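Structure first, commentary second.
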Amino acid sequence: MDKKNSYYLVPLILVIIGIQSCARHFFRSNYTETNRVLHETKNLQTRPYLKAHLKNGDVCILKDSWQIDTILNMVNGDGIRYNFNRYKLQEGSISIPIDHVAIFETNQKIKNPESKRIKALSILAGVDAAIGIFCLINPKACFGSCPTFYINENDNFHDADAEGFSNAIAPSMEYYDIDALDNKERLGETFSITMKNEALETHCVREVKLLAYPRQEGERIYQSPTNDFYLCQNIYPLSQGKANEGDITALLEKQDRNERFSMSDENNLISKEEIYLDFDQVDTEDSLGLILNFRQTLMTTYFIYSAMGYMGDEVGDIFAKIERGSDTKEKLKGGIKKELGDIDVYLWNEPNNSWELQNRFYETGPISINKQFIPLKNTSSHSKLKLKLVLNKGLWRMDYTALTSIKKLVSPIEVLPSSILNKGNLDNTALNEIIHADKHLISMPGSEYKFNFKIPDPNIDYELFLYSKGYYLEWMRENWIKDKDLLKLKQMVDHPKAYLKGEAKNYKRYESTMEQEFWNSKLDTKTFSYHEN
Amino acid sequence: MKTNLAIAVLLAMIICSCAAPKYLPHPDDIDINKNGSYTKIKCKTTDDIRGELIAIDSSQIVVLSEVSKRCITIPITEIESFKLQYAAPTHHGWTIPVYTLATLSHGIILLGTAPLNLLVTIIVTTGGVRSYQYRKKDISYEDLRMFARFPQGIPANVKIASIK
């Protein structure tokens, strides 16, 4: 059975158990003849209580030690006798002439009448607890962050094709984000992409549009971290990749979502590591660029959630302060983010015997894999290239790297959505909000909007990029409020170095389970998608 | 949609939290119960009647009304439907809000787990009430008499008006 079917199996079992728990019980028997009472109770392992309804309306309830004296025609036993209004008349040893009895009654005990209901509730509690624990150790998986975009609308967040404006956690921090969609060839007349709010957040989306540029066979267009677009051709694969743990070539030579990542330093979260990349088959005089497919680990998510926890019940006041233009916003940009740094790319200069900084990669967000590119300087005279990546330990995941030849710098055209579907229905209000840049489309948890774009010329193959602009408001969680610690928040903002050193052990505890969960759950989620076509 | 959901939850909780009469035994004590079962009778032409089932014969049912505290005789032909409760229900109504609210810790997954929790807890809760019940379709009038205070019928020496 595949995993998708198992998602339906648990609810189905629970509902079946729940419904079965409504089954009727039949347990009571009445007898007007004494012999039938004797006959039908003689083989019972546990003798039932006997209820004798007397002709005068009294009732005697006899414990399981009752006896019927067929010689004296008496019923004897210990019990209680009640009158017709059910007031107690007698308690203890009772003898009743059989001819005073109108009806004998026996009842079978209902065995564990609540067992099925308790079983259903127990299973449900177990499932709830398991999901709760999973979400506690892997909040990103449950609470997500920022809008996620999917070419295949049925994919889950592990297979997101883009995530928009992850850093824009307040209105004043709104910005635009461009993500390569790595789309397949020939799109037809219409291209669709679905935006989902998979988090407890309010997403305020100002713009969503496509950036498109035609490509011929063998050509690709890559986006640099500064949002310049380069028409490129030819791929020069990685010959060897080395990191602290050894040879990582197999992890980086293919776009297989089998990523290389490291764990953070337990003594200080600011701790750099180096990755060495050798390219031995660069037989070209063209200018070259480095392609890198990467994303972040859950480290930055941890800091966002921690910061909100430190704010506690003052989260609203603090965000209002940020909005009023205090220097907090700049500190947020320059604090932890600056200390953790980017992925710095160095090229080995043989004549100078030194590493030369080329450029840097950076993109916030652990969900979708960014496919970016940086042009390298002074590469045309080499058939072999050595590159070095310097990055913070435990912060980045990398899937693929290669070199490519640059043909030219290009400017993609913009394609606005032609229609928007909200849960399958045309939503012209949403379209109006997206097309007019002075308005926001508000997307609440669980919302899904499908954006349809008309391809300018269906006969041309385009490389597509997704442009999204907006901001989002993270919802405060009740269990975060107890973590309020304004001093720690101040340290995080004003003294990020000290904070990152002091928080290393706490993060390490979180990381060891969280990353494992994330990685494991990733392995068996994806079944088939356009990536494998 | 959300309003309908809230109303459904509220109704389920109200229905399931209705207190059972004190004379109804715990499900484990059905064999030592001295009273008749609790019955709700929907009549064709008169008001509904609720109370302890006192006796039943081939043509009529006697119920000790919980409202008037007096016995009322209802012709069987006048009965549209009835419900009989022979044991005090186990109330699982608390699980509806508790389990559903617990899914808040599931993040976005609550979109699936909250309805599931709601569905299962409502089924379990209503099941907790209904599993000690018979309805007209479940039991014949002949078998129904076993659940009366006087399964043998009203004793000859007992005046109906004196039954409390």
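Going through the structure tokens in order, the chains are called A, B, and so on, while each chain numbers its residues from 1 and the ligands are numbered from 1 in the order shown.
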**Report entry** Residue neighbourhood Glu66 of chain B, 8 Å, only C-alpha atoms, exclusion window fewer than 3 positions, as number ranges by chain
**Finding:** B: 50-52, 69-70
Enumerate, in order of chain and increasing residue number, the residues of chain B with an atom no farther than 7 Å from chain A, each with its shortest atom pair and distance in Å to one decimal, counting only C-alpha atoms, as CSV.
```
residue,atom,partner,partner_atom,distance
B:Asp28,CA,A:Lys109,CA,6.9
B:Asp31,CA,A:Asn107,CA,5.3
B:Ile32,CA,A:Ile61,CA,6.4
B:Lys34,CA,A:Arg86,CA,6.7
B:Thr103,CA,A:Asp128,CA,6.8
B:Ser105,CA,A:Gly132,CA,5.5
B:His106,CA,A:Gly132,CA,5.4
B:Gly107,CA,A:Cys142,CA,4.8
B:Ile108,CA,A:Cys142,CA,5.4
B:Ile109,CA,A:Cys142,CA,6.1
B:Leu116,CA,A:Pro11,CA,6.6
B:Val120,CA,A:Val15,CA,5.8
B:Ile123,CA,A:Gly18,CA,5.7
B:Val124,CA,A:Gly18,CA,5.2
B:Gly127,CA,A:Cys22,CA,4.4
B:Arg130,CA,A:Cys22,CA,6.4
B:Ser131,CA,A:Cys22,CA,4.9
B:Met146,CA,A:Asn30,CA,6.6
B:Phe150,CA,A:Gly57,CA,6.8
B:Gln152,CA,A:Ala102,CA,6.2
B:Pro155,CA,A:Gly57,CA,5.5
B:Asn157,CA,A:Asn56,CA,6.3
B:Ile163,CA,A:Asn85,CA,6.0
B:Lys164,CA,A:Asn85,CA,5.7
```
Residues of the last selection are to be written out with C-alpha atoms, as a PDB file, in the first residue's frame.
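So the final result, stored in part_26.pdb, reads:
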```pdb
ATOM      1  CA  ASP B  28     -22.505  -2.424  34.526  1.00  0.00           C
ATOM      2  CA  ASP B  31     -28.996  -6.585  36.186  1.00  0.00           C
ATOM      3  CA  ILE B  32     -29.806  -5.004  39.539  1.00  0.00           C
ATOM      4  CA  LYS B  34     -35.346  -2.084  40.017  1.00  0.00           C
ATOM      5  CA  THR B 103      -5.404  19.740  16.593  1.00  0.00           C
ATOM      6  CA  SER B 105      -0.882  21.886  17.609  1.00  0.00           C
ATOM      7  CA  HIS B 106      -0.943  20.251  14.167  1.00  0.00           C
ATOM      8  CA  GLY B 107      -0.384  23.473  12.275  1.00  0.00           C
ATOM      9  CA  ILE B 108      -1.691  23.367   8.754  1.00  0.00           C
ATOM     10  CA  ILE B 109      -2.328  19.634   9.071  1.00  0.00           C
ATOM     11  CA  LEU B 116     -11.380  13.862  11.413  1.00  0.00           C
ATOM     12  CA  VAL B 120     -14.816  10.537  15.212  1.00  0.00           C
ATOM     13  CA  ILE B 123     -19.684   9.439  16.251  1.00  0.00           C
ATOM     14  CA  VAL B 124     -18.223   8.148  19.527  1.00  0.00           C
ATOM     15  CA  GLY B 127     -22.652   6.215  19.997  1.00  0.00           C
ATOM     16  CA  ARG B 130     -27.354   5.508  21.497  1.00  0.00           C
ATOM     17  CA  SER B 131     -25.698   2.221  22.382  1.00  0.00           C
ATOM     18  CA  MET B 146     -39.136  -6.689  29.477  1.00  0.00           C
ATOM     19  CA  PHE B 150     -43.924  -4.314  35.681  1.00  0.00           C
ATOM     20  CA  GLN B 152     -46.070  -8.801  33.964  1.00  0.00           C
ATOM     21  CA  PRO B 155     -50.595  -5.793  39.178  1.00  0.00           C
ATOM     22  CA  ASN B 157     -53.812  -4.788  43.502  1.00  0.00           C
ATOM     23  CA  ILE B 163     -47.585   4.572  41.223  1.00  0.00           C
ATOM     24  CA  LYS B 164     -44.729   6.980  41.805  1.00  0.00           C
TER      25      LYS B 164
END
```
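Near Tyr99 of chain B, within 8 Å and counting only C-alpha atoms, sit Ala125 of chain A; Asn117, Leu118 and Thr121 of chain B; same-chain residues fewer than 6 positions away were not included.
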Write out as a CSV table (one decimal) with N, CA and C atoms, in the first residue's frame each polymer residue whose atoms come within 6 Å of segment 483-499 of chain A, counting only C-alpha atoms; drop sequence neighbours fewer than 3 positions from it.
```
chain,number,residue,atom,x,y,z
A,309,GLY,N,8.7,33.9,20.0
A,309,GLY,CA,8.5,33.3,21.3
A,309,GLY,C,9.1,34.3,22.4
A,310,TYR,N,10.3,34.9,22.1
A,310,TYR,CA,10.9,35.8,23.0
A,310,TYR,C,10.0,37.1,23.2
A,311,MET,N,9.3,37.4,22.1
A,311,MET,CA,8.4,38.6,22.2
A,311,MET,C,7.2,38.3,23.1
A,312,GLY,N,6.8,37.0,23.2
A,312,GLY,CA,5.7,36.6,24.0
A,312,GLY,C,4.4,37.4,23.7
A,335,GLY,N,21.7,41.7,11.5
A,335,GLY,CA,22.1,41.0,12.7
A,335,GLY,C,22.5,39.5,12.4
A,336,ILE,N,21.6,38.7,12.8
A,336,ILE,CA,21.8,37.2,12.6
A,336,ILE,C,22.1,36.9,11.2
A,480,TRP,N,4.0,29.5,22.4
A,480,TRP,CA,5.2,30.3,22.3
A,480,TRP,C,5.2,31.4,23.4
A,502,GLY,N,25.6,31.4,22.4
A,502,GLY,CA,24.9,30.9,23.6
A,502,GLY,C,23.8,29.9,23.2
A,503,GLU,N,23.2,30.1,22.0
A,503,GLU,CA,22.0,29.3,21.6
A,503,GLU,C,22.4,28.0,20.9
```
Query - A:Ser115, A:Asn35, A:Ser411, A:Ser166 ranked by distance to Ala212 of chain A, top pick (using only C-alpha atoms) - result: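 Between A:Ser115, A:Asn35, A:Ser411, A:Ser166, the residue approaching Ala212 of chain A most closely is A:Ser411.
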Report task. Just the residues within 9 Å of Leu24 of chain B, please, counting only C-alpha atoms, with nothing from its chain fewer than 5 positions along; format it as a list in words. Result -> Ile30, Asn33, Asn35, Gly36, Ser37, Tyr38, Gln85, Tyr86, Ala87 and Ala88 of chain B
Requested in this report: For Asp48 of chain B, list every protein, DNA or RNA residue within 12 Å, evaluated using only C-alpha atoms, and leave out those in the same chain fewer than 6 positions away; present the list as a count of residues only.
Outcome: 16
Requested in this report: Name all residues at most 8 Å from segment 172-179 of chain A (count only C-alpha atoms; drop same-chain ones fewer than 3 positions away) and give them as a list in words.
Outcome: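 Listing them by chain and then by number gives Ala162, Glu163, Gly164, Phe165, Asn167, Ala168, Ile169, Asn227, Ile322, Glu323, Lys329, Asn370, Lys371, Phe465, Leu466, Tyr467, Ser468, Lys469, Gly470 and Tyr471 of chain A.
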Requested in this report: Please identify which residues in chain B DSSP calls helix (DSSP H, G or I) from the backbone, and express them as a PyMOL selection string.
Outcome: chain B and resi 2-16+27-32+76-78+95-130+141-147+160-162
Requested in this report: Would you mind telling me which residue in B:Ile54, B:Leu64, B:Leu144, B:Ile154 lies nearest to Leu84 of chain B when using only C-alpha atoms?
Outcome: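 So, comparing all the options, the nearest one is B:Leu144.
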Query - segment 287-532 of chain A: residues DSSP assigns to strand (DSSP E or B), reported as a ChimeraX atom specification - result: /A:288-296,343-349,354-361,370-375,385-392,396-410,413-415,419-422,425-426,441-443,448-454,462-474
Let's have the selection written as a CSV table (one decimal), in the first residue's frame, with C-alpha atoms.
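The resulting result-v7.csv:
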```csv
chain,number,residue,atom,x,y,z
A,288,LEU,CA,31.7,30.6,-17.4
A,289,GLY,CA,29.2,30.7,-14.6
A,290,LEU,CA,28.5,28.5,-11.6
A,291,ILE,CA,25.1,26.9,-11.3
A,292,LEU,CA,24.1,26.0,-7.7
A,293,ASN,CA,20.8,24.5,-6.6
A,294,PHE,CA,20.4,25.1,-2.9
A,295,ARG,CA,18.1,26.0,0.0
A,296,GLN,CA,18.4,26.6,3.7
A,343,ILE,CA,27.5,31.0,0.4
A,344,ASP,CA,30.7,32.7,-0.7
A,345,VAL,CA,32.2,31.5,-4.0
A,346,TYR,CA,36.0,31.7,-4.5
A,347,LEU,CA,38.0,30.8,-7.7
A,348,TRP,CA,41.5,29.5,-7.4
A,349,ASN,CA,44.0,31.9,-9.1
A,354,SER,CA,45.3,32.6,-4.0
A,355,TRP,CA,41.6,32.2,-3.7
A,356,GLU,CA,39.6,35.1,-5.3
A,357,LEU,CA,36.1,36.0,-4.1
A,358,GLN,CA,33.7,35.8,-7.1
A,359,ASN,CA,30.2,36.4,-5.6
A,360,ARG,CA,27.8,35.2,-3.1
A,361,PHE,CA,24.6,33.1,-3.1
A,370,ASN,CA,16.7,27.7,-5.4
A,371,LYS,CA,18.3,27.3,-8.8
A,372,GLN,CA,20.7,30.2,-9.2
A,373,PHE,CA,23.9,31.1,-11.0
A,374,ILE,CA,26.8,33.5,-10.7
A,375,PRO,CA,29.1,34.5,-13.5
A,385,LEU,CA,38.8,25.1,-12.6
A,386,LYS,CA,39.0,24.9,-8.8
A,387,LEU,CA,36.3,26.6,-6.8
A,388,LYS,CA,35.8,26.9,-3.1
A,389,LEU,CA,32.5,27.5,-1.3
A,390,VAL,CA,32.6,29.0,2.2
A,391,LEU,CA,29.4,28.7,4.2
A,392,ASN,CA,28.0,28.5,7.6
A,396,TRP,CA,22.6,25.2,3.8
A,397,ARG,CA,21.5,22.2,1.7
A,398,MET,CA,22.9,21.7,-1.8
A,399,ASP,CA,21.6,19.5,-4.5
A,400,TYR,CA,23.5,20.3,-7.6
A,401,THR,CA,26.3,22.3,-9.1
A,402,ALA,CA,27.9,22.6,-12.5
A,403,LEU,CA,29.5,25.1,-14.8
A,404,THR,CA,27.9,26.6,-17.9
A,405,SER,CA,29.0,28.9,-20.8
A,406,ILE,CA,27.5,32.3,-20.8
A,407,LYS,CA,26.1,33.5,-24.2
A,408,LYS,CA,24.7,36.9,-23.1
A,409,LEU,CA,22.8,38.9,-20.5
A,410,VAL,CA,19.1,38.9,-21.4
A,413,ILE,CA,9.4,39.6,-20.7
A,414,GLU,CA,6.7,39.9,-18.0
A,415,VAL,CA,3.5,37.8,-18.3
A,419,SER,CA,-7.2,34.4,-14.8
A,420,ILE,CA,-7.2,33.1,-11.2
A,421,LEU,CA,-9.1,30.2,-9.9
A,422,ASN,CA,-10.0,30.0,-6.2
A,425,ASN,CA,-14.0,28.9,-9.4
A,426,LEU,CA,-13.0,32.0,-11.4
A,441,LEU,CA,-4.6,39.5,-2.4
A,442,ILE,CA,-5.1,38.2,1.1
A,443,SER,CA,-4.5,34.5,1.4
A,448,GLU,CA,-5.2,27.9,-2.8
A,449,TYR,CA,-5.2,30.1,-5.8
A,450,LYS,CA,-4.4,28.8,-9.3
A,451,PHE,CA,-2.8,31.4,-11.5
A,452,ASN,CA,-3.3,30.9,-15.2
A,453,PHE,CA,-0.9,32.6,-17.7
A,454,LYS,CA,-1.2,32.8,-21.5
A,462,TYR,CA,10.4,29.7,-22.8
A,463,GLU,CA,12.4,29.5,-19.6
A,464,LEU,CA,10.2,30.7,-16.8
A,465,PHE,CA,10.8,32.5,-13.6
A,466,LEU,CA,8.2,33.3,-10.9
A,467,TYR,CA,8.0,36.8,-9.6
A,468,SER,CA,6.1,37.2,-6.3
A,469,LYS,CA,5.9,40.3,-4.1
A,470,GLY,CA,4.3,40.8,-0.7
A,471,TYR,CA,4.6,40.1,2.9
A,472,TYR,CA,3.2,37.8,5.5
A,473,LEU,CA,2.1,37.9,9.1
A,474,GLU,CA,3.0,34.9,11.3
```
Query raised in the report: What does the distance from atom CA of His158 of chain A to atom CA of Cys232 of chain A come to in Å, to one decimal?
Result: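 Atom CA of Cys232 of chain A lies at a distance of 28.4 Å from atom CA of His158 of chain A.
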